[in-house]
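This is upload35.txt. It holds compact mmCIF, C-alpha atoms.
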```
# COMPACT_ATOMS: atom_id res chain seq x y z
CA MET A 30 -32.35 -2.98 50.86
CA LEU A 31 -35.90 -3.97 49.95
CA PHE A 32 -36.89 -4.50 46.32
CA LEU A 33 -40.47 -4.03 45.12
CA SER A 34 -40.06 -7.16 42.99
CA ASP A 35 -39.65 -9.09 46.22
CA LEU A 36 -42.93 -7.69 47.52
CA PHE A 37 -44.88 -8.39 44.34
CA PRO A 38 -43.27 -11.35 42.55
CA CYS A 39 -46.27 -11.87 40.31
CA ILE A 40 -45.97 -8.43 38.70
CA ARG A 41 -43.79 -8.08 35.60
CA SER A 42 -40.49 -6.39 36.39
CA TYR A 43 -40.79 -3.61 33.80
CA VAL A 44 -44.16 -2.64 35.25
CA ILE A 45 -42.55 -2.43 38.71
CA ILE A 46 -39.73 -0.25 37.37
CA GLU A 47 -42.03 2.22 35.64
CA TYR A 48 -44.23 2.40 38.75
CA ILE A 49 -41.23 3.15 40.98
CA GLN A 50 -39.98 5.82 38.59
CA ALA A 51 -43.34 7.56 38.71
CA HIS A 52 -43.76 7.25 42.52
CA ALA A 53 -40.15 7.16 43.74
CA LYS A 54 -40.88 9.36 46.75
CA CYS A 55 -43.48 6.91 48.03
CA PHE A 56 -40.97 4.05 48.29
CA PRO A 57 -38.01 5.09 50.43
CA GLY A 58 -35.36 2.37 50.48
CA VAL A 59 -36.65 0.77 47.28
CA SER A 60 -34.14 0.93 44.34
CA PRO A 61 -35.17 0.36 40.73
CA MET A 62 -31.46 0.35 39.78
CA ALA A 63 -31.02 -3.13 41.25
CA THR A 64 -33.92 -4.65 39.34
CA LYS A 65 -33.13 -7.33 36.78
CA VAL A 66 -35.14 -7.28 33.56
CA LYS A 67 -35.14 -9.55 30.55
CA PHE A 68 -34.23 -7.06 27.84
CA THR A 69 -36.61 -7.12 24.88
CA ASP A 70 -37.23 -4.72 22.04
CA VAL A 71 -40.87 -4.33 23.09
CA TRP A 72 -39.88 -3.32 26.62
CA LEU A 73 -37.13 -0.96 25.45
CA ARG A 74 -39.42 0.80 22.99
CA LYS A 75 -42.11 1.30 25.64
CA LEU A 76 -39.66 2.49 28.29
CA SER A 77 -40.29 6.18 28.99
CA ALA A 78 -37.52 8.60 29.93
CA PRO A 79 -36.94 8.80 33.72
CA THR A 80 -37.45 12.02 35.63
CA GLY A 81 -34.89 13.36 38.05
CA THR A 82 -31.96 10.99 37.59
CA GLU A 83 -30.73 8.37 35.15
CA VAL A 84 -31.75 4.75 35.72
CA HIS A 85 -29.71 1.56 35.32
CA TYR A 86 -31.15 -1.87 34.56
CA GLY A 87 -29.51 -5.28 34.54
CA ASP A 88 -30.23 -7.92 31.89
CA ALA A 89 -31.73 -10.98 33.57
CA THR A 90 -30.45 -13.28 30.81
CA CYS A 91 -26.89 -11.98 30.37
CA SER A 92 -24.61 -11.58 33.38
CA GLY A 93 -22.86 -8.21 33.52
CA LEU A 94 -24.93 -6.54 30.78
CA SER A 95 -26.69 -3.37 31.89
CA LEU A 96 -28.62 -0.52 30.34
CA LYS A 97 -28.37 3.14 31.28
CA HIS A 98 -31.44 5.27 30.56
CA THR A 99 -31.05 9.07 30.82
CA GLN A 100 -33.56 11.89 31.19
CA LYS A 101 -33.00 12.69 27.49
CA ASP A 102 -34.25 9.19 26.65
CA VAL A 103 -30.80 7.94 25.62
CA LYS A 104 -30.44 4.18 26.18
CA SER A 105 -26.94 2.72 26.18
CA PHE A 106 -25.56 -0.73 26.95
CA SER A 107 -22.51 -1.40 29.10
CA PHE A 108 -20.73 -4.36 30.67
CA THR A 109 -19.83 -4.40 34.38
CA PHE A 110 -17.18 -6.82 35.62
CA ARG A 111 -14.87 -7.71 38.47
CA LEU A 112 -11.25 -8.58 37.78
CA GLY A 113 -9.41 -9.57 40.96
CA ALA A 114 -10.15 -6.96 43.62
CA LYS A 115 -11.17 -4.30 41.11
CA THR A 116 -14.43 -3.62 39.32
CA GLY A 117 -14.89 -1.88 36.02
CA ARG A 118 -17.38 -0.95 33.34
CA VAL A 119 -17.09 -0.82 29.56
CA THR A 120 -19.55 1.03 27.32
CA ILE A 121 -20.86 -1.14 24.51
CA GLY A 122 -23.06 1.27 22.56
CA ARG A 123 -26.42 2.96 22.21
CA TYR A 124 -29.70 1.25 21.53
CA PRO A 125 -30.95 0.80 18.81
CA ASP A 126 -27.59 1.48 17.06
CA ILE A 127 -26.51 -1.77 18.64
CA SER A 128 -29.17 -4.44 19.02
CA ILE A 129 -29.91 -6.40 22.18
CA ARG A 130 -28.44 -9.48 20.55
CA GLY A 131 -25.31 -7.58 19.56
CA ALA A 132 -24.93 -6.20 23.10
CA ARG A 133 -25.26 -9.67 24.59
CA GLU A 134 -22.66 -11.05 22.19
CA LYS A 135 -20.25 -8.26 23.16
CA ALA A 136 -20.92 -8.89 26.85
CA ASP A 137 -20.30 -12.63 26.41
CA GLU A 138 -17.03 -11.86 24.59
CA MET A 139 -15.88 -9.56 27.39
CA ARG A 140 -16.91 -12.06 30.06
CA ARG A 141 -14.68 -14.66 28.42
CA ALA A 142 -11.84 -12.12 28.37
CA VAL A 143 -12.28 -11.48 32.11
CA ALA A 144 -12.24 -15.24 32.75
CA ASN A 145 -8.85 -15.30 31.00
CA GLY A 146 -7.56 -12.46 33.15
CA VAL A 147 -7.87 -9.78 30.44
CA ASP A 148 -9.28 -6.34 31.25
CA PRO A 149 -12.00 -5.58 28.64
CA ARG A 150 -11.21 -1.88 28.90
CA ARG A 151 -7.66 -2.48 27.68
CA GLN A 152 -8.98 -4.82 25.01
CA LYS A 153 -11.40 -2.13 23.79
CA GLN A 154 -8.61 0.46 23.73
CA GLU A 155 -6.42 -1.85 21.67
CA HIS A 156 -9.28 -2.42 19.21
CA GLN A 157 -9.74 1.34 18.89
CA GLU A 158 -6.03 1.79 18.23
CA GLN A 159 -6.12 -0.97 15.63
CA ALA A 160 -9.06 0.74 13.91
CA LYS A 161 -6.84 3.80 13.36
CA LEU A 162 -4.29 1.67 11.47
CA THR A 163 -6.07 1.87 8.14
CA VAL A 164 -4.70 0.58 4.86
CA GLU A 165 -4.31 4.14 3.54
CA ALA A 166 -2.48 5.39 6.63
CA MET A 167 -0.12 2.42 6.75
CA ALA A 168 0.52 2.55 2.99
CA GLY A 169 1.78 6.09 3.55
CA GLN A 170 4.10 4.88 6.31
CA PHE A 171 5.31 2.04 4.10
CA ILE A 172 6.27 4.44 1.31
CA GLU A 173 8.06 6.89 3.64
CA GLN A 174 9.79 4.41 5.95
CA TYR A 175 10.56 1.52 3.59
CA ALA A 176 10.08 2.20 -0.12
CA LYS A 177 11.74 5.62 -0.37
CA PRO A 178 14.92 4.73 1.58
CA LYS A 179 15.38 1.27 0.06
CA ASN A 180 13.98 1.35 -3.46
CA LYS A 181 14.90 3.76 -6.25
CA SER A 182 11.64 2.94 -8.02
CA TRP A 183 9.54 3.76 -4.94
CA LYS A 184 7.23 5.94 -7.02
CA GLN A 185 6.09 2.81 -8.85
CA ALA A 186 5.18 1.21 -5.52
CA GLU A 187 3.35 4.34 -4.39
CA SER A 188 1.47 4.67 -7.67
CA ASN A 189 0.49 1.00 -7.62
CA LEU A 190 -0.86 1.07 -4.08
CA ARG A 191 -2.69 4.37 -4.67
CA LEU A 192 -4.25 3.10 -7.89
CA TYR A 193 -5.37 -0.36 -6.89
CA LEU A 194 -5.28 -0.97 -3.12
CA VAL A 195 -6.25 2.33 -1.47
CA PRO A 196 -9.43 3.13 -3.49
CA THR A 197 -10.98 -0.18 -2.47
CA LEU A 198 -9.55 -0.90 0.98
CA GLY A 199 -8.06 2.43 2.10
CA SER A 200 -10.53 3.04 4.93
CA HIS A 201 -10.36 -0.56 6.22
CA PRO A 202 -8.25 -1.38 9.30
CA ILE A 203 -5.28 -3.46 8.16
CA THR A 204 -6.40 -6.28 10.46
CA ASP A 205 -9.71 -6.55 8.57
CA VAL A 206 -8.18 -7.19 5.13
CA ARG A 207 -8.68 -10.76 3.97
CA ARG A 208 -7.25 -12.79 1.12
CA ARG A 209 -10.57 -12.61 -0.72
CA ASP A 210 -10.30 -8.78 -0.70
CA ILE A 211 -6.99 -9.03 -2.56
CA HIS A 212 -8.53 -11.50 -5.01
CA ASP A 213 -11.42 -9.10 -5.69
CA ILE A 214 -8.97 -6.36 -6.71
CA LEU A 215 -6.96 -8.71 -8.94
CA ASP A 216 -10.09 -10.22 -10.51
CA GLY A 217 -11.29 -6.72 -11.41
CA LEU A 218 -7.99 -5.94 -13.17
CA ILE A 219 -8.06 -9.23 -15.08
CA LYS A 220 -11.66 -8.57 -16.15
CA ALA A 221 -10.58 -5.13 -17.43
CA GLY A 222 -7.86 -6.77 -19.52
CA LYS A 223 -5.02 -5.50 -17.31
CA GLY A 224 -3.24 -8.77 -16.63
CA THR A 225 0.27 -7.34 -16.31
CA ALA A 226 -1.03 -4.58 -14.02
CA ALA A 227 -2.65 -7.27 -11.84
CA ASN A 228 0.71 -9.03 -11.46
CA ARG A 229 2.46 -5.78 -10.55
CA ALA A 230 -0.31 -4.86 -8.10
CA LEU A 231 0.05 -8.24 -6.38
CA ALA A 232 3.84 -7.83 -6.15
CA HIS A 233 3.54 -4.44 -4.46
CA MET A 234 0.75 -5.60 -2.14
CA ARG A 235 2.88 -8.57 -1.09
CA LYS A 236 5.73 -6.22 -0.25
CA PHE A 237 3.41 -3.87 1.67
CA PHE A 238 1.67 -6.51 3.77
CA GLY A 239 4.95 -8.36 4.29
CA TRP A 240 6.39 -5.14 5.73
CA LEU A 241 3.41 -4.91 8.11
CA VAL A 242 4.10 -8.46 9.31
CA GLU A 243 7.80 -7.71 9.71
CA ARG A 244 6.99 -4.62 11.78
CA ASP A 245 4.55 -6.63 13.94
CA PHE A 246 1.45 -4.75 12.84
CA LEU A 247 0.00 -8.01 11.49
CA GLU A 248 0.35 -11.67 12.35
CA ASN A 249 -0.06 -12.86 8.78
CA SER A 250 -0.13 -11.27 5.33
CA PRO A 251 -3.42 -11.54 3.38
CA ALA A 252 -1.37 -11.44 0.17
CA ASP A 253 0.48 -14.66 0.98
CA ARG A 254 -0.28 -17.81 -1.04
CA ILE A 255 -1.87 -15.87 -3.88
CA ARG A 256 -0.54 -16.90 -7.27
CA LYS A 257 0.12 -14.48 -10.09
CA PRO A 258 -3.26 -14.02 -11.76
CA PHE A 259 -1.82 -13.51 -15.24
CA ASP A 260 0.61 -15.61 -17.25
CA GLU A 261 3.15 -13.15 -18.61
CA ARG A 262 4.92 -14.58 -21.56
CA SER A 263 8.30 -13.25 -22.58
CA ARG A 264 7.91 -10.40 -25.07
CA ASP A 265 9.04 -11.20 -28.60
CA ARG A 266 8.77 -7.57 -29.69
CA GLU A 267 11.86 -6.31 -31.48
CA LEU A 268 12.14 -2.76 -32.74
CA THR A 269 13.19 -2.67 -36.37
CA ASP A 270 15.74 -0.15 -37.68
CA ASP A 271 12.91 1.81 -39.31
CA GLU A 272 11.00 1.95 -36.02
CA ILE A 273 14.10 3.04 -34.12
CA ARG A 274 14.63 5.85 -36.65
CA LEU A 275 10.97 6.98 -36.40
CA ILE A 276 11.03 6.97 -32.59
CA TRP A 277 14.33 8.86 -32.46
CA HIS A 278 13.10 11.61 -34.78
CA ALA A 279 9.70 11.80 -33.05
CA SER A 280 11.53 12.44 -29.75
CA GLU A 281 12.59 15.82 -31.17
CA ALA A 282 9.09 17.08 -30.23
CA LEU A 283 9.52 16.15 -26.56
CA SER A 284 10.70 18.60 -23.92
CA GLY A 285 14.48 18.64 -23.43
CA PRO A 286 14.72 16.31 -20.39
CA TYR A 287 12.42 13.66 -21.86
CA ARG A 288 14.13 13.81 -25.26
CA ALA A 289 17.55 13.39 -23.63
CA TRP A 290 16.23 10.55 -21.45
CA LEU A 291 14.86 8.59 -24.41
CA ARG A 292 18.03 8.99 -26.47
CA LEU A 293 20.35 8.12 -23.57
CA SER A 294 18.18 5.06 -22.88
CA LEU A 295 18.81 3.87 -26.43
CA LEU A 296 22.51 4.78 -26.50
CA CYS A 297 23.42 3.37 -23.07
CA GLY A 298 20.90 0.53 -22.67
CA GLN A 299 20.25 1.12 -18.96
CA ARG A 300 17.03 0.80 -16.97
CA GLU A 301 14.38 3.53 -17.27
CA VAL A 302 14.50 4.79 -13.68
CA GLU A 303 18.29 4.55 -13.44
CA THR A 304 18.59 6.73 -16.54
CA ALA A 305 15.97 9.21 -15.31
CA CYS A 306 17.90 9.57 -12.03
CA MET A 307 21.25 10.38 -13.69
CA ARG A 308 23.15 12.83 -11.45
CA ARG A 309 25.99 15.28 -11.91
CA SER A 310 28.15 13.53 -9.32
CA GLN A 311 27.88 10.23 -11.23
CA ILE A 312 29.65 11.54 -14.34
CA ARG A 313 33.44 11.26 -14.12
CA ASP A 314 36.10 10.84 -16.82
CA GLY A 315 33.61 10.15 -19.58
CA THR A 316 31.98 7.36 -17.54
CA TRP A 317 28.64 7.13 -15.81
CA HIS A 318 29.24 5.68 -12.31
CA LEU A 319 26.32 3.91 -10.62
CA ALA A 320 26.81 2.93 -6.97
CA SER A 321 25.20 -0.19 -5.57
CA ALA A 322 22.44 1.97 -4.04
CA ASP A 323 21.63 3.33 -7.53
CA THR A 324 21.00 0.02 -9.30
CA LYS A 325 18.17 -2.48 -9.24
CA ASN A 326 20.45 -5.45 -8.46
CA LYS A 327 22.49 -3.47 -5.89
CA SER A 328 25.70 -3.89 -7.90
CA ILE A 329 28.25 -1.19 -8.73
CA HIS A 330 28.01 -0.47 -12.45
CA LEU A 331 30.19 1.63 -14.78
CA ILE A 332 28.81 2.73 -18.16
CA PRO A 333 31.36 4.21 -20.57
CA LEU A 334 29.72 7.05 -22.49
CA SER A 335 30.08 7.01 -26.26
CA ARG A 336 30.86 10.30 -27.99
CA GLN A 337 27.19 10.66 -28.93
CA ALA A 338 26.00 10.01 -25.35
CA LEU A 339 28.65 12.32 -23.91
CA ASN A 340 27.47 15.16 -26.17
CA ILE A 341 24.00 14.88 -24.67
CA VAL A 342 25.34 14.62 -21.11
CA GLU A 343 27.61 17.65 -21.52
CA GLU A 344 24.62 19.77 -22.56
CA LEU A 345 22.80 18.61 -19.43
CA LEU A 346 25.82 19.37 -17.24
CA ALA A 347 25.69 23.00 -18.40
CA GLN A 348 22.45 23.38 -16.40
CA ASP A 349 22.17 23.84 -12.64
CA GLY A 350 21.20 21.12 -10.16
CA GLU A 351 22.39 17.67 -9.14
CA TYR A 352 19.86 15.76 -11.25
CA LEU A 353 20.53 16.12 -14.96
CA LEU A 354 17.03 15.16 -16.14
CA THR A 355 14.53 17.33 -14.31
CA SER A 356 11.33 18.97 -15.49
CA GLY A 357 11.90 22.15 -13.50
CA ARG A 358 8.34 22.08 -12.09
CA ILE A 359 9.35 19.96 -9.12
CA GLY A 360 12.75 21.46 -8.35
CA ASP A 361 15.93 19.40 -8.32
CA GLN A 362 14.16 16.07 -8.73
CA PRO A 363 14.34 13.52 -11.56
CA ILE A 364 11.65 13.35 -14.23
CA ASN A 365 8.86 10.81 -13.77
CA GLY A 366 5.55 9.91 -15.35
CA PHE A 367 6.55 8.86 -18.85
CA SER A 368 3.10 7.89 -20.14
CA ARG A 369 2.37 11.30 -21.73
CA ALA A 370 5.71 11.22 -23.54
CA LYS A 371 4.89 7.72 -24.79
CA VAL A 372 1.53 8.84 -26.19
CA GLN A 373 3.21 11.73 -28.00
CA ILE A 374 5.92 9.47 -29.46
CA ASN A 375 3.32 6.96 -30.65
CA ARG A 376 1.30 9.68 -32.36
CA LEU A 377 4.26 11.31 -34.09
CA SER A 378 6.17 8.16 -35.05
CA GLY A 379 3.28 5.89 -35.96
CA VAL A 380 5.03 3.09 -34.06
CA THR A 381 2.67 1.17 -31.77
CA ASP A 382 2.71 -1.89 -29.53
CA TRP A 383 6.06 -1.12 -27.94
CA LYS A 384 7.35 -0.19 -24.50
CA PHE A 385 10.21 1.98 -23.31
CA HIS A 386 11.87 -1.21 -22.08
CA ASP A 387 12.15 -2.21 -25.75
CA LEU A 388 14.80 0.52 -26.18
CA ARG A 389 17.04 -1.35 -23.73
CA ALA A 390 16.26 -4.58 -25.56
CA ALA A 391 17.19 -2.89 -28.85
CA THR A 392 20.61 -2.00 -27.45
CA ALA A 393 21.21 -5.62 -26.40
CA THR A 394 19.92 -7.01 -29.71
CA ASN A 395 22.10 -4.74 -31.80
CA LEU A 396 25.20 -5.47 -29.71
CA GLY A 397 24.57 -9.12 -30.49
CA LYS A 398 24.22 -8.32 -34.20
CA LEU A 399 27.56 -6.50 -34.01
CA GLY A 400 29.22 -9.71 -32.86
CA TYR A 401 29.57 -9.18 -29.10
CA ASP A 402 28.97 -12.23 -26.94
CA ARG A 403 26.26 -12.51 -24.30
CA ALA A 404 28.70 -12.32 -21.41
CA LEU A 405 29.75 -8.80 -22.45
CA ILE A 406 26.16 -7.78 -23.23
CA MET A 407 25.22 -8.86 -19.68
CA LYS A 408 28.01 -6.62 -18.37
CA VAL A 409 26.69 -3.67 -20.41
CA LEU A 410 23.10 -4.21 -19.19
CA ASN A 411 24.20 -4.91 -15.61
CA HIS A 412 22.45 -8.26 -15.51
CA LYS A 413 23.67 -10.24 -12.54
CA ASP A 414 25.59 -13.43 -13.32
CA SER A 415 24.66 -16.04 -10.73
CA GLY A 416 27.40 -18.46 -11.81
CA VAL A 417 30.22 -19.49 -9.46
CA THR A 418 32.88 -17.89 -11.70
CA ALA A 419 31.20 -14.48 -11.37
CA ARG A 420 32.07 -14.43 -7.67
CA TYR A 421 35.78 -14.42 -8.52
CA ASP A 422 35.74 -12.32 -11.70
CA ARG A 423 36.21 -8.73 -10.44
CA TYR A 424 37.36 -7.32 -13.77
CA SER A 425 35.28 -4.26 -14.77
CA TYR A 426 35.38 -4.89 -18.56
CA LEU A 427 35.37 -1.10 -18.89
CA ASP A 428 37.42 -0.96 -22.10
CA GLU A 429 35.41 -3.75 -23.71
CA LYS A 430 32.13 -2.04 -22.80
CA ARG A 431 33.44 1.30 -24.11
CA GLU A 432 34.29 -0.24 -27.47
CA ALA A 433 30.93 -2.03 -27.73
CA LEU A 434 28.83 1.02 -26.82
CA GLN A 435 30.78 3.27 -29.19
CA LYS A 436 30.30 0.83 -32.04
CA TRP A 437 26.57 0.67 -31.25
CA ALA A 438 26.32 4.50 -31.15
CA ASP A 439 28.02 4.72 -34.58
CA THR A 440 25.61 2.10 -35.92
CA LEU A 441 22.70 4.07 -34.47
CA ASP A 442 23.94 7.15 -36.33
CA ASP A 443 23.63 5.16 -39.58
CA ILE A 444 20.14 3.95 -38.62
CA ILE A 445 18.75 7.38 -37.82
CA GLY A 446 20.41 8.95 -40.86
```
As structure tokens, please, write out the structure in this file.
Amino acid sequence: MLFLSDLFPCIRSYVIIEYIQAHAKCFPGVSPMATKVKFTDVWLRKLSAPTGTEVHYGDATCSGLSLKHTQKDVKSFSFTFRLGAKTGRVTIGRYPDISIRGAREKADEMRRAVANGVDPRRQKQEHQEQAKLTVEAMAGQFIEQYAKPKNKSWKQAESNLRLYLVPTLGSHPITDVRRRDIHDILDGLIKAGKGTAANRALAHMRKFFGWLVERDFLENSPADRIRKPFDERSRDRELTDDEIRLIWHASEALSGPYRAWLRLSLLCGQREVETACMRRSQIRDGTWHLASADTKNKSIHLIPLSRQALNIVEELLAQDGEYLLTSGRIGDQPINGFSRAKVQINRLSGVTDWKFHDLRAATATNLGKLGYDRALIMKVLNHKDSGVTARYDRYSYLDEKREALQKWADTLDDIIG
């Protein structure tokens, strides 16, 4: 085939192309599609839409890069390659949405892939699939597939990720998240005076990105090697008897499930979520039975119910449903979202600067005041003993715990008047 550029080497190639397009019928056997042009912005802007059929140009400075120009004046870059016995083409993008420099960089990247035996079309497809794996989408999968089945406090993980990770990085592909992105979120929380929240956010993000690595969605976690941004010192807060009395009486204004939850938390000394998730099937012979799947430390735990606690539980058992503490708005599901109850208690009691966890601490503190040793208090609270002896001591201490919790309930009666 004869090329006009061969006949007139002194004429600029883009002039030849435009002349051929305008007088195509006069040059049988001459193809403008085979003409190589050095792509420039000036040339592309001046290039007028072809008539009749689309035209393809090759970049004289970048092997494999071509430009398709349609009758509607759409200009798009693509990369043509040969891999073994087969040829292929990959669309790069439209001009000027993608610049000439950007198109050349993409073409160079794909040429290197071909040299390594990789089909750029498959590579592009994989990149498109990765782009669908956004932080928000994968956080949803993490909650459903990991947190819900394995963690009783999965709502805390969900709330944490929804509050701090998703608003900032939700639309980002998981492969694009960098360590500095995590730092930006944590720095913002520290600046807002939310140091403890920053530590909790980091803990949940570590778990989330670690799960992505475990499931082979990521090679490495961007949350690795990030230290806790806030130094949490052990709380010295101790509720006084007067404060306990004020909180107890203020709880009278709460709805039934939240009032029962707060009072059982103080009487039994168990964790907030474990108490909120109390179920009908767990109550047997005056004892609250927690299976290993129900507890934070995955240990079976028996809590003898004092007379005062049993009175509350029996009222709850008179209702329908498996869960004893449910709001009714969400069906047979445990109560959650305790912040509104806390605000109400603070307002009515006048007690400030305390947390619901301090109720559990109050139980432990008062058991100590009543003369019970720390070993038994650990048994009541279901704190795990990591000592060697604990591996052999299978005694339940049920009677001892029953006596201690009854004595504490009687003392609480005196405190609240």
Using only the atoms of segment 98-106 of chain A listed in the file, plus 6 Å on each side, state the axis-aligned box centre and edge lengths in Å rounded to one decimal, as AutoDock Vina command-line options.
```
--center_x -29.9 --center_y 6.0 --center_z 28.4 --size_x 20.7 --size_y 25.4 --size_z 17.6
```
Checklist entry - To one decimal place, how far is atom CA of Leu291 of chain A from atom CA of His386 of chain A in Å? => result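 Taking atom CA of Leu291 of chain A and atom CA of His386 of chain A, their separation equals 10.5 Å.
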Item to check | Point (1.3, 9.3, -28.5) neighbourhood (12 Å, all atoms listed in the file) written as a PyMOL selection string | outcome: chain A and resi 276+279-280+282-283+367-384
Checklist entry - Skipping near chain neighbours, those fewer than 5 positions away, what residues fall within 12 Å of Glu261 of chain A using all atoms listed in the file, listed as a ChimeraX atom specification? => result /A:223-229
Next on the checklist: Which residue is closest to Met307 of chain A? Choose from A:Phe106, A:Tyr424, A:Trp290, A:Tyr193 and count all atoms listed in the file.
Outcome noted: A:Trp290
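Shortest atom-to-atom contact with Gly239 of chain A among A:Phe171, A:Leu218, A:Arg300, A:Arg141: A:Phe171, counting all atoms listed in the file.
Take the candidates A:Ala322, A:Ala230, A:Val147, A:Ala89 and check each one against Lys67 of chain A using all atoms listed in the file; the shortest distance goes to A:Ala89.
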